[in-house]
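For reference, upload.txt is printed below; it contains compact mmCIF, N, CA and C atoms.
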```
# COMPACT_ATOMS: atom_id res chain seq x y z
N MET M 17 -80.75 58.12 192.47
CA MET M 17 -79.59 58.15 193.34
C MET M 17 -79.76 59.17 194.45
N SER M 18 -80.37 60.30 194.18
CA SER M 18 -80.54 61.31 195.20
C SER M 18 -81.52 60.86 196.28
N VAL M 19 -82.45 59.96 195.91
CA VAL M 19 -83.39 59.44 196.90
C VAL M 19 -82.65 58.60 197.93
N THR M 20 -81.71 57.81 197.49
CA THR M 20 -80.96 56.99 198.43
C THR M 20 -80.07 57.85 199.31
N VAL M 21 -79.54 58.94 198.75
CA VAL M 21 -78.71 59.84 199.56
C VAL M 21 -79.57 60.52 200.62
N ALA M 22 -80.78 60.95 200.22
CA ALA M 22 -81.68 61.62 201.17
C ALA M 22 -82.13 60.66 202.26
N LEU M 23 -82.38 59.41 201.90
CA LEU M 23 -82.81 58.44 202.89
C LEU M 23 -81.68 58.01 203.81
N SER M 24 -80.44 58.12 203.34
CA SER M 24 -79.32 57.69 204.16
C SER M 24 -78.94 58.74 205.21
N GLN M 25 -79.49 59.95 205.12
CA GLN M 25 -79.17 60.98 206.10
C GLN M 25 -79.84 60.65 207.43
N THR M 26 -79.21 61.12 208.47
CA THR M 26 -79.80 60.92 209.79
C THR M 26 -80.97 61.86 209.95
N PRO M 27 -81.91 61.53 210.84
CA PRO M 27 -83.05 62.43 211.06
C PRO M 27 -82.62 63.83 211.54
N ILE M 28 -81.56 63.90 212.29
CA ILE M 28 -81.09 65.20 212.77
C ILE M 28 -80.60 66.05 211.61
N ALA M 29 -79.91 65.43 210.66
CA ALA M 29 -79.43 66.17 209.48
C ALA M 29 -80.59 66.65 208.63
N ARG M 30 -81.64 65.83 208.51
CA ARG M 30 -82.82 66.25 207.74
C ARG M 30 -83.55 67.40 208.43
N VAL M 31 -83.64 67.35 209.74
CA VAL M 31 -84.29 68.44 210.48
C VAL M 31 -83.47 69.72 210.34
N LYS M 32 -82.16 69.61 210.38
CA LYS M 32 -81.29 70.77 210.22
C LYS M 32 -81.47 71.38 208.83
N LYS M 33 -81.55 70.55 207.80
CA LYS M 33 -81.76 71.05 206.45
C LYS M 33 -83.11 71.75 206.32
N MET M 34 -84.14 71.15 206.89
CA MET M 34 -85.47 71.75 206.83
C MET M 34 -85.52 73.06 207.61
N THR M 35 -84.84 73.13 208.74
CA THR M 35 -84.78 74.36 209.52
C THR M 35 -84.06 75.45 208.75
N ASP M 36 -82.95 75.09 208.12
CA ASP M 36 -82.23 76.07 207.30
C ASP M 36 -83.09 76.55 206.13
N LEU M 37 -83.78 75.64 205.48
CA LEU M 37 -84.63 76.02 204.36
C LEU M 37 -85.77 76.94 204.81
N LEU M 38 -86.40 76.59 205.92
CA LEU M 38 -87.48 77.43 206.45
C LEU M 38 -86.95 78.80 206.85
N GLY M 39 -85.77 78.84 207.45
CA GLY M 39 -85.16 80.11 207.82
C GLY M 39 -84.92 80.99 206.61
N TRP M 40 -84.37 80.41 205.55
CA TRP M 40 -84.12 81.19 204.34
C TRP M 40 -85.42 81.64 203.68
N LEU M 41 -86.44 80.79 203.70
CA LEU M 41 -87.73 81.18 203.14
C LEU M 41 -88.34 82.36 203.91
N LEU M 42 -88.23 82.32 205.23
CA LEU M 42 -88.74 83.43 206.04
C LEU M 42 -87.97 84.72 205.78
N ILE M 43 -86.67 84.61 205.66
CA ILE M 43 -85.85 85.81 205.39
C ILE M 43 -86.21 86.39 204.02
N CYS M 44 -86.34 85.54 203.03
CA CYS M 44 -86.69 86.02 201.68
C CYS M 44 -88.09 86.63 201.66
N ALA M 45 -89.03 86.01 202.37
CA ALA M 45 -90.39 86.57 202.44
C ALA M 45 -90.37 87.93 203.15
N GLY M 46 -89.55 88.06 204.19
CA GLY M 46 -89.42 89.34 204.87
C GLY M 46 -88.87 90.43 203.98
N VAL M 47 -87.89 90.08 203.16
CA VAL M 47 -87.33 91.05 202.22
C VAL M 47 -88.39 91.47 201.19
N VAL M 48 -89.21 90.51 200.75
CA VAL M 48 -90.28 90.84 199.81
C VAL M 48 -91.26 91.83 200.45
N PHE M 49 -91.60 91.62 201.72
CA PHE M 49 -92.50 92.56 202.39
C PHE M 49 -91.87 93.94 202.52
N PHE M 50 -90.57 94.01 202.80
CA PHE M 50 -89.90 95.31 202.83
C PHE M 50 -89.97 96.00 201.47
N LEU M 51 -89.74 95.24 200.41
CA LEU M 51 -89.80 95.81 199.06
C LEU M 51 -91.21 96.28 198.71
N LEU M 52 -92.22 95.50 199.10
CA LEU M 52 -93.60 95.91 198.84
C LEU M 52 -93.96 97.17 199.64
N GLY M 53 -93.46 97.27 200.86
CA GLY M 53 -93.69 98.48 201.64
C GLY M 53 -93.05 99.69 201.00
N THR M 54 -91.86 99.52 200.45
CA THR M 54 -91.18 100.61 199.77
C THR M 54 -91.94 101.00 198.50
N LEU M 55 -92.44 100.02 197.78
CA LEU M 55 -93.23 100.30 196.59
C LEU M 55 -94.51 101.06 196.97
N ALA M 56 -95.14 100.67 198.06
CA ALA M 56 -96.34 101.37 198.52
C ALA M 56 -96.01 102.81 198.91
N LEU M 57 -94.85 103.04 199.47
CA LEU M 57 -94.44 104.39 199.83
C LEU M 57 -94.34 105.27 198.59
N ILE M 58 -93.91 104.69 197.50
CA ILE M 58 -93.76 105.44 196.25
C ILE M 58 -95.11 105.60 195.53
N ARG M 59 -95.93 104.55 195.54
CA ARG M 59 -97.12 104.52 194.69
C ARG M 59 -98.39 105.09 195.32
N PHE M 60 -98.56 105.01 196.63
CA PHE M 60 -99.82 105.44 197.22
C PHE M 60 -99.95 106.96 197.21
N PRO M 61 -101.19 107.46 197.15
CA PRO M 61 -101.39 108.88 196.85
C PRO M 61 -101.18 109.85 198.01
N ASP M 62 -101.44 109.45 199.25
CA ASP M 62 -101.36 110.43 200.33
C ASP M 62 -100.62 109.87 201.54
N LEU M 63 -100.40 110.75 202.49
CA LEU M 63 -99.61 110.42 203.67
C LEU M 63 -100.21 109.27 204.47
N PHE M 64 -101.51 109.28 204.66
CA PHE M 64 -102.15 108.31 205.54
C PHE M 64 -102.10 106.89 204.96
N THR M 65 -102.35 106.74 203.67
CA THR M 65 -102.28 105.40 203.08
C THR M 65 -100.83 104.92 202.99
N ARG M 66 -99.92 105.84 202.71
CA ARG M 66 -98.50 105.47 202.69
C ARG M 66 -98.04 105.00 204.06
N LEU M 67 -98.43 105.74 205.06
CA LEU M 67 -98.03 105.41 206.44
C LEU M 67 -98.60 104.07 206.86
N HIS M 68 -99.86 103.83 206.53
CA HIS M 68 -100.50 102.57 206.89
C HIS M 68 -99.81 101.38 206.22
N ALA M 69 -99.60 101.48 204.92
CA ALA M 69 -98.99 100.37 204.18
C ALA M 69 -97.55 100.13 204.62
N LEU M 70 -96.81 101.20 204.80
CA LEU M 70 -95.40 101.06 205.18
C LEU M 70 -95.25 100.46 206.57
N THR M 71 -96.08 100.89 207.50
CA THR M 71 -95.99 100.35 208.87
C THR M 71 -96.33 98.87 208.90
N LYS M 72 -97.40 98.48 208.21
CA LYS M 72 -97.79 97.06 208.21
C LYS M 72 -96.74 96.19 207.53
N ALA M 73 -96.28 96.63 206.38
CA ALA M 73 -95.31 95.82 205.63
C ALA M 73 -93.98 95.71 206.37
N ASP M 74 -93.52 96.79 206.96
CA ASP M 74 -92.25 96.75 207.68
C ASP M 74 -92.33 95.88 208.93
N ASN M 75 -93.44 95.97 209.67
CA ASN M 75 -93.56 95.13 210.87
C ASN M 75 -93.60 93.65 210.52
N LEU M 76 -94.35 93.30 209.49
CA LEU M 76 -94.42 91.89 209.09
C LEU M 76 -93.10 91.43 208.49
N GLY M 77 -92.48 92.28 207.68
CA GLY M 77 -91.19 91.92 207.08
C GLY M 77 -90.12 91.71 208.13
N LEU M 78 -90.05 92.62 209.10
CA LEU M 78 -89.05 92.48 210.16
C LEU M 78 -89.33 91.24 211.01
N GLY M 79 -90.60 90.95 211.26
CA GLY M 79 -90.94 89.75 212.02
C GLY M 79 -90.50 88.48 211.32
N MET M 80 -90.70 88.44 210.01
CA MET M 80 -90.27 87.25 209.25
C MET M 80 -88.76 87.14 209.20
N ILE M 81 -88.08 88.25 209.02
CA ILE M 81 -86.61 88.20 209.01
C ILE M 81 -86.08 87.78 210.38
N ALA M 82 -86.67 88.31 211.45
CA ALA M 82 -86.24 87.93 212.80
C ALA M 82 -86.50 86.45 213.05
N ALA M 83 -87.64 85.94 212.58
CA ALA M 83 -87.93 84.51 212.76
C ALA M 83 -86.95 83.65 211.98
N GLY M 84 -86.64 84.07 210.76
CA GLY M 84 -85.66 83.33 209.97
C GLY M 84 -84.28 83.33 210.60
N LEU M 85 -83.87 84.49 211.11
CA LEU M 85 -82.57 84.56 211.77
C LEU M 85 -82.56 83.77 213.08
N ALA M 86 -83.69 83.74 213.77
CA ALA M 86 -83.77 82.95 215.00
C ALA M 86 -83.60 81.46 214.69
N LEU M 87 -84.17 81.01 213.58
CA LEU M 87 -83.99 79.60 213.19
C LEU M 87 -82.54 79.31 212.82
N HIS M 88 -81.87 80.28 212.20
CA HIS M 88 -80.47 80.09 211.82
C HIS M 88 -79.52 80.19 213.02
N SER M 89 -79.94 80.90 214.06
CA SER M 89 -79.02 81.10 215.18
C SER M 89 -78.76 79.81 215.95
N GLY M 90 -79.78 79.00 216.10
CA GLY M 90 -79.60 77.75 216.81
C GLY M 90 -79.49 77.92 218.32
N SER M 91 -79.70 79.12 218.80
CA SER M 91 -79.58 79.41 220.22
C SER M 91 -80.88 80.03 220.72
N ILE M 92 -81.35 79.56 221.84
CA ILE M 92 -82.57 80.12 222.44
C ILE M 92 -82.33 81.56 222.87
N ALA M 93 -81.16 81.85 223.41
CA ALA M 93 -80.86 83.21 223.87
C ALA M 93 -80.85 84.20 222.69
N ALA M 94 -80.25 83.81 221.58
CA ALA M 94 -80.24 84.69 220.41
C ALA M 94 -81.65 84.86 219.85
N ALA M 95 -82.44 83.79 219.85
CA ALA M 95 -83.82 83.88 219.36
C ALA M 95 -84.64 84.81 220.25
N MET M 96 -84.44 84.76 221.55
CA MET M 96 -85.16 85.65 222.46
C MET M 96 -84.74 87.11 222.27
N LYS M 97 -83.46 87.33 222.01
CA LYS M 97 -82.99 88.70 221.74
C LYS M 97 -83.62 89.24 220.45
N LEU M 98 -83.70 88.41 219.43
CA LEU M 98 -84.33 88.83 218.17
C LEU M 98 -85.82 89.12 218.38
N LEU M 99 -86.48 88.30 219.18
CA LEU M 99 -87.89 88.54 219.49
C LEU M 99 -88.06 89.86 220.25
N LEU M 100 -87.19 90.13 221.19
CA LEU M 100 -87.24 91.38 221.95
C LEU M 100 -87.01 92.59 221.04
N ILE M 101 -86.04 92.47 220.14
CA ILE M 101 -85.77 93.56 219.19
C ILE M 101 -87.00 93.81 218.33
N TRP M 102 -87.62 92.74 217.84
CA TRP M 102 -88.80 92.89 217.00
C TRP M 102 -89.94 93.56 217.77
N LEU M 103 -90.16 93.14 219.01
CA LEU M 103 -91.23 93.74 219.81
C LEU M 103 -90.97 95.21 220.09
N LEU M 104 -89.74 95.57 220.41
CA LEU M 104 -89.41 96.97 220.67
C LEU M 104 -89.59 97.82 219.41
N ILE M 105 -89.21 97.29 218.27
CA ILE M 105 -89.37 98.04 217.02
C ILE M 105 -90.86 98.15 216.67
N MET M 106 -91.65 97.14 216.96
CA MET M 106 -93.09 97.25 216.70
C MET M 106 -93.72 98.33 217.56
N ILE M 107 -93.32 98.40 218.82
CA ILE M 107 -93.85 99.45 219.71
C ILE M 107 -93.43 100.83 219.21
N ALA M 108 -92.16 100.97 218.86
CA ALA M 108 -91.66 102.27 218.37
C ALA M 108 -92.33 102.64 217.05
N SER M 109 -92.50 101.69 216.17
CA SER M 109 -93.13 101.95 214.87
C SER M 109 -94.58 102.41 215.04
N ALA M 110 -95.31 101.73 215.90
CA ALA M 110 -96.71 102.11 216.13
C ALA M 110 -96.79 103.51 216.74
N SER M 111 -95.90 103.79 217.68
CA SER M 111 -95.92 105.11 218.32
C SER M 111 -95.57 106.22 217.35
N VAL M 112 -94.55 106.01 216.55
CA VAL M 112 -94.12 107.05 215.61
C VAL M 112 -95.17 107.25 214.52
N SER M 113 -95.75 106.17 213.98
CA SER M 113 -96.77 106.36 212.95
C SER M 113 -98.00 107.04 213.51
N HIS M 114 -98.35 106.74 214.76
CA HIS M 114 -99.48 107.43 215.39
C HIS M 114 -99.19 108.92 215.54
N LEU M 115 -97.98 109.25 215.97
CA LEU M 115 -97.62 110.65 216.12
C LEU M 115 -97.62 111.39 214.79
N ILE M 116 -97.11 110.77 213.75
CA ILE M 116 -97.10 111.40 212.43
C ILE M 116 -98.53 111.63 211.94
N ALA M 117 -99.38 110.61 212.05
CA ALA M 117 -100.76 110.73 211.58
C ALA M 117 -101.53 111.75 212.41
N ARG M 118 -101.30 111.76 213.72
CA ARG M 118 -102.00 112.72 214.59
C ARG M 118 -101.58 114.15 214.27
N THR M 119 -100.28 114.36 214.06
CA THR M 119 -99.80 115.70 213.72
C THR M 119 -100.36 116.14 212.37
N ALA M 120 -100.40 115.24 211.42
CA ALA M 120 -100.94 115.58 210.10
C ALA M 120 -102.43 115.91 210.20
N HIS M 121 -103.14 115.17 211.03
CA HIS M 121 -104.57 115.42 211.20
C HIS M 121 -104.82 116.75 211.93
N LYS M 122 -104.03 117.02 212.96
CA LYS M 122 -104.21 118.26 213.73
C LYS M 122 -103.85 119.50 212.93
N THR M 123 -102.88 119.38 212.04
CA THR M 123 -102.50 120.53 211.23
C THR M 123 -103.34 120.61 209.96
N GLU M 124 -104.44 119.87 209.95
CA GLU M 124 -105.37 119.85 208.83
C GLU M 124 -104.67 119.54 207.51
N TYR M 125 -103.83 118.54 207.59
CA TYR M 125 -103.14 118.05 206.40
C TYR M 125 -104.18 117.51 205.44
N SER M 126 -104.22 118.02 204.26
CA SER M 126 -105.23 117.62 203.28
C SER M 126 -104.83 116.30 202.62
N ARG M 127 -105.80 115.43 202.39
CA ARG M 127 -105.54 114.16 201.72
C ARG M 127 -105.12 114.38 200.27
N GLU M 128 -105.47 115.51 199.71
CA GLU M 128 -105.08 115.78 198.32
C GLU M 128 -103.66 116.26 198.23
N HIS M 129 -103.12 116.71 199.34
CA HIS M 129 -101.74 117.24 199.35
C HIS M 129 -100.77 116.08 199.31
N ASN M 130 -99.89 116.04 198.34
CA ASN M 130 -98.90 114.97 198.25
C ASN M 130 -97.70 115.32 199.09
N ALA M 131 -97.22 114.34 199.87
CA ALA M 131 -96.08 114.58 200.75
C ALA M 131 -94.78 114.49 199.98
```

Starting from the coordinates I provided, produce the structure as structure tokens.
Amino acid sequence: MSVTVALSQTPIARVKKMTDLLGWLLICAGVVFFLLGTLALIRFPDLFTRLHALTKADNLGLGMIAAGLALHSGSIAAAMKLLLIWLLIMIASASVSHLIARTAHKTEYSREHNA
């Protein structure tokens, strides 16, 4: 019976359902990347590995969440705003992590020293 219901839907309704499903999958995958980045922050031994893992996981997680929200928005303008927000946060994240790592390196921060 569900097959006949699925076949009776219009193509636009099926595309809308698939877009919603893909949006939710991207949002959930982004949340997983955020959680893995947080776990890496707790588990990794030193500042440099923590910083590397957290920066990568957060950038990818935010990108997936922004893509999922862009699919849910249904508006090109909202999708472009989300893309711009993601790009600005990526630039800021790279700059801040570089500054933290550079300061740690210049102050002879030891890899054995736990932050």

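In this model, the gap between CA of Gly39 in chain M and CA of His88 in chain M comes to 6.2 Å.
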
Rank nothing, just name the residue among M:Leu103, M:Ala95, M:Phe64, M:Gln25 nearest to His121 in chain M, using only C-alpha atoms.
M:Phe64

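Minimum distance to Asp36 in chain M across M:Val112, M:Leu87, M:Ala82, M:Ile58 (counting only N, CA and C atoms) occurs at M:Leu87.
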
Closest atom pairs, range 77-99 of chain M residues within 8 Å of range 46-49 of chain M, all atoms listed in the file, as a Markdown table:
```
| residue | atom | partner | partner_atom | distance |
| --- | --- | --- | --- | --- |
| M:Gly77 | CA | M:Gly46 | CA | 3.8 |
| M:Leu78 | N | M:Gly46 | CA | 5.4 |
| M:Gly79 | C | M:Gly46 | CA | 6.6 |
| M:Met80 | C | M:Gly46 | CA | 4.9 |
| M:Ile81 | N | M:Gly46 | CA | 4.5 |
| M:Ala82 | N | M:Gly46 | CA | 7.2 |
```

Selected residue, from M:Asp62, M:Ile28, M:Ser89, M:Phe50, that lies nearest to Ala120 in chain M when counting only C-alpha atoms
M:Asp62

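Comparing the minimum interatomic distances between Leu51 in chain M and each of M:Leu38, M:Ala29, M:Asp74, M:Ala93, counting all atoms listed in the file, we find that M:Asp74 sits nearest.
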
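Relative to CA of Leu57 in chain M, CA of Ala69 in chain M is found at 7.5 Å.
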